[in-house]
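Here is the structure we will look at, set down as structure tokens.
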Amino acid sequence: MNGYGGSIVRINLTTGNISRKPTPVELARDFIGGRGFGAYYLIKEIPRGADPLGPENKLIISSGPISGLMIPGAGKCDFTTKSPLTGGYASASMGGHFTAEMKYAGVDSIILDGISPKPVYILIDNEKIELRDAAEYWGKGTIAVEKEIKEKFGEEFQVALIGPGGENLVHYACINHDFGRQAGRGGVGTVMGAKKVKAIVIHGTRSIPVADVKAFQAAGKALYKACKEASFLREWTRYGTTVVTSWCDEVGALPTRNFSAGSFEDGKDLYGPVMREKIVITDKGCFGCPSPCGKYSRSKKYGSYVEGPEYETIGLMGSNLGISDIEAVAHANLLADDLGIDSISTGNAIGWAMECYEKGILRKSDTDGLDLKFGNVDATFELIGKIARKEGLGALLAEGVKKASKKIGKGSEKFAIHVKGMEQSAYATHNATAMLLAYMTCDVGAHHNRSWAITYDLQVGRDLIVPEKVARVIWLQNFRPMFDVLGGCRLQWVELGIDRELYIPALDAITGIHRTWEDLEKVGERIWNLTRLFWMRENPGFDRNWDLPAPRFYEDAPSSGATKGQITKFEDVNTLLDMYYEQRGWDENGLPGPEKLKLLGLAEFLV
Amino acid sequence: MTAIIRPTSALRIYIGNKDEAVVEAGRTVRETLISLNIKPELIALVVIDGENKSKDYIIQDGDIVKVLAVIGGG
């Protein structure tokens, strides 16, 4: 099948059974790949009510039709599962080279279920698929283990692995790759840890069939040409995602002290140019990337080397914790990466704990003696380790802020910054109604990558509540995640501003199937509805309350910074939801009904 | 006394869908953006001759001013 590795690999960790079957043509036609394959297998194969950490849950790892081909950024890999953090849909995207290697090994998806009786790693080398004893790696950090595995098998073998955080079932454990890339969100690494899989090691030497080689080469060249000629290629490459740090501070979007404000008085010490000057050694890109956003850094103060920090980590482990030392942020980033826990959720959870401490809700007797004031760098480092090891307060924070605040109570739920149990990523949404709605309705919880609408707020008016704003959020939700379906990176479109139409002839030439962006957005809408069904099915009583933001954004206006005194009224939050549901064709509780599902060709998935 | 402004592709609609526009020198970047109906708060980075500048930089004769907006997002 053109554009595909050609097979779906299934591994039952309980029995050790391994199978490899051709990728279904209908699946490729209707769900295309990556996140689409993940959503399909998730709802089709995971039994209702499955324990996310139990043997019935599955971890579905998928490449897409452009993965591994000479298309800018064609190195994205999707990890889908039932989330131990939220109890709903989790899909995390990882850059690097893993997905390309999957294709070269002839694999479109790897589906893991069951639980291994002992720690193992999976070796896939073209036709060979084996489970191997991972006793020598279990308990070790991700950096050392990836290095050991590469030394054992060779540089060309690609590795996706978990750290102690995943082994210890921290609910937001991530999967690491290439010494600094992660499938970060929703606890995909927790599920891998529950299955006792330390690593997946993959290598392949096959070529990927392409429908029209000449047309593909021409389309690929056109894409690279557009990237190389982009007017801001130099700046994006120089700063990567940290180009937005100063801007977020300026417009009040930089999370500060557990999102109590959106501007940080010492924010300038975290800005992209400062970081570049102080700690960045070189740029680091993923497969086929012409605009490497990864920054490889060295902290002299802490003696650490790390890929990062990128903007999200700077926001959550810097300003959100009242920390203005970029070297401290880089070191915190390294600790989280090596321990295999999501730096976004980790920073958010520590911010919540710091606010609890400053408000007297948590005392030193609750924090194992840590003085958890905002800005305490050493306490931050210590707490990151405690979370990964689930020690003391770390065990509570390892459950995520939704569950932790429920246990602690005393009003701490009001400043637990999450949606559906997923900690909000690094955009403060005080009086930024499009971005707030994007977080509220994101299909995995409060994550930014589906619909990044904050500049739209600035363009049309931050507090404006109009159908056009809601339509923009929905369009982005249908369109942007299609890059995760295709198996590529959206940042060339996002950052370099290349015309998305340039991808169409490339996709046509690769698959031999003509699709327009309108067709692709329809697939995006189908997947969006399918994942909504999964939330409904797995959470009895699922309704509009699940889509509410943290009360901080409608009750607790910042007392400083660019958004000082600004708040979204609760009635406006509800108006946003009403408009959103209406435009999505869902009922007043945000549930897609039979007619809508039939219209989308999803009748077979009716709950 | 003129300069050239080169906005990020998403902002080209403000300058007649062209890659660049000729603007007057002697005004700040902020004032220049406003004169083009571009909200200054959309701009994340101002670059002149490879150097980052603030939005309060006064544009000099012959400057080529690149302004980057993060429309697409993270």
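Numbering starts fresh at 1 for the residues of each chain in the structure tokens, the chains themselves are lettered A, B, ... in the order given, and ligands are numbered from 1 as they appear.
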Please build the interface table for stretch 147-253 of chain A against stretch 51-63 of chain B with a cut-off of 12 Å, listing for each qualifying residue the nearest atom pair and the distance in Å to one decimal; count only C-alpha atoms, order rows by chain and increasing number, and write it as JSON lines.
{"residue": "A:Arg234", "atom": "CA", "partner": "B:Glu51", "partner_atom": "CA", "distance": 11.4}
{"residue": "A:Glu235", "atom": "CA", "partner": "B:Asn52", "partner_atom": "CA", "distance": 9.5}
{"residue": "A:Arg238", "atom": "CA", "partner": "B:Asn52", "partner_atom": "CA", "distance": 11.7}
{"residue": "A:Tyr239", "atom": "CA", "partner": "B:Asn52", "partner_atom": "CA", "distance": 11.7}
{"residue": "A:Val243", "atom": "CA", "partner": "B:Asn52", "partner_atom": "CA", "distance": 11.1}
{"residue": "A:Ser246", "atom": "CA", "partner": "B:Ser54", "partner_atom": "CA", "distance": 11.0}
{"residue": "A:Trp247", "atom": "CA", "partner": "B:Ser54", "partner_atom": "CA", "distance": 11.3}
{"residue": "A:Glu250", "atom": "CA", "partner": "B:Lys55", "partner_atom": "CA", "distance": 11.6}
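The list of chain A residues within 6 Å of chain B is Trp247, Trp452, Thr455, Val494 and Gly497 of chain A; this uses only C-alpha atoms.
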Restricting to only C-alpha atoms, whichever of B:Ile4, B:Tyr14, B:Val65, B:Asp49 is closest to B:Ser35 is B:Tyr14
When you look at B:Glu24 with a cut-off of 8 Å (counting only C-alpha atoms), what residues show up, excluding the ones that are within fewer than 5 positions of it in the same chain? I need them as a list in words. Met1, Thr2, Ala3 and Thr32 of chain B
Store the residues picked out above, limited to C-alpha atoms, as an mmCIF file, in the first residue's frame.
data_model
loop_
_atom_site.group_PDB
_atom_site.id
_atom_site.type_symbol
_atom_site.label_atom_id
_atom_site.label_comp_id
_atom_site.auth_asym_id
_atom_site.auth_seq_id
_atom_site.Cartn_x
_atom_site.Cartn_y
_atom_site.Cartn_z
ATOM 1 C CA MET B 1 13.823 58.787 4.356
ATOM 2 C CA THR B 2 12.243 55.407 3.879
ATOM 3 C CA ALA B 3 12.634 51.858 5.100
ATOM 4 C CA THR B 32 4.606 52.005 11.930
#
Applying 7 Å and only C-alpha atoms, which residues near stretch 287-301 of chain A remain after dropping the ones on its own chain fewer than 3 positions away? List them as a PyMOL selection string. chain A and resi 70-75+96-97+227+233+236-237+240-241+279-284+304-308+327+330
Quick one: distance from atom CA of A:Ile43 to atom CA of A:Ala199 in Å, one decimal?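 Interatomic distance here is 25.1 Å.
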With DSSP run on the backbone, what are the strand (DSSP E) residues within stretch 206-375 of chain A? I'd like them as a ChimeraX atom specification. /A:280-284,294-299,304-307
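Here atom CA of A:Pro47 stands at a distance of 28.9 Å from atom CA of A:Lys390.
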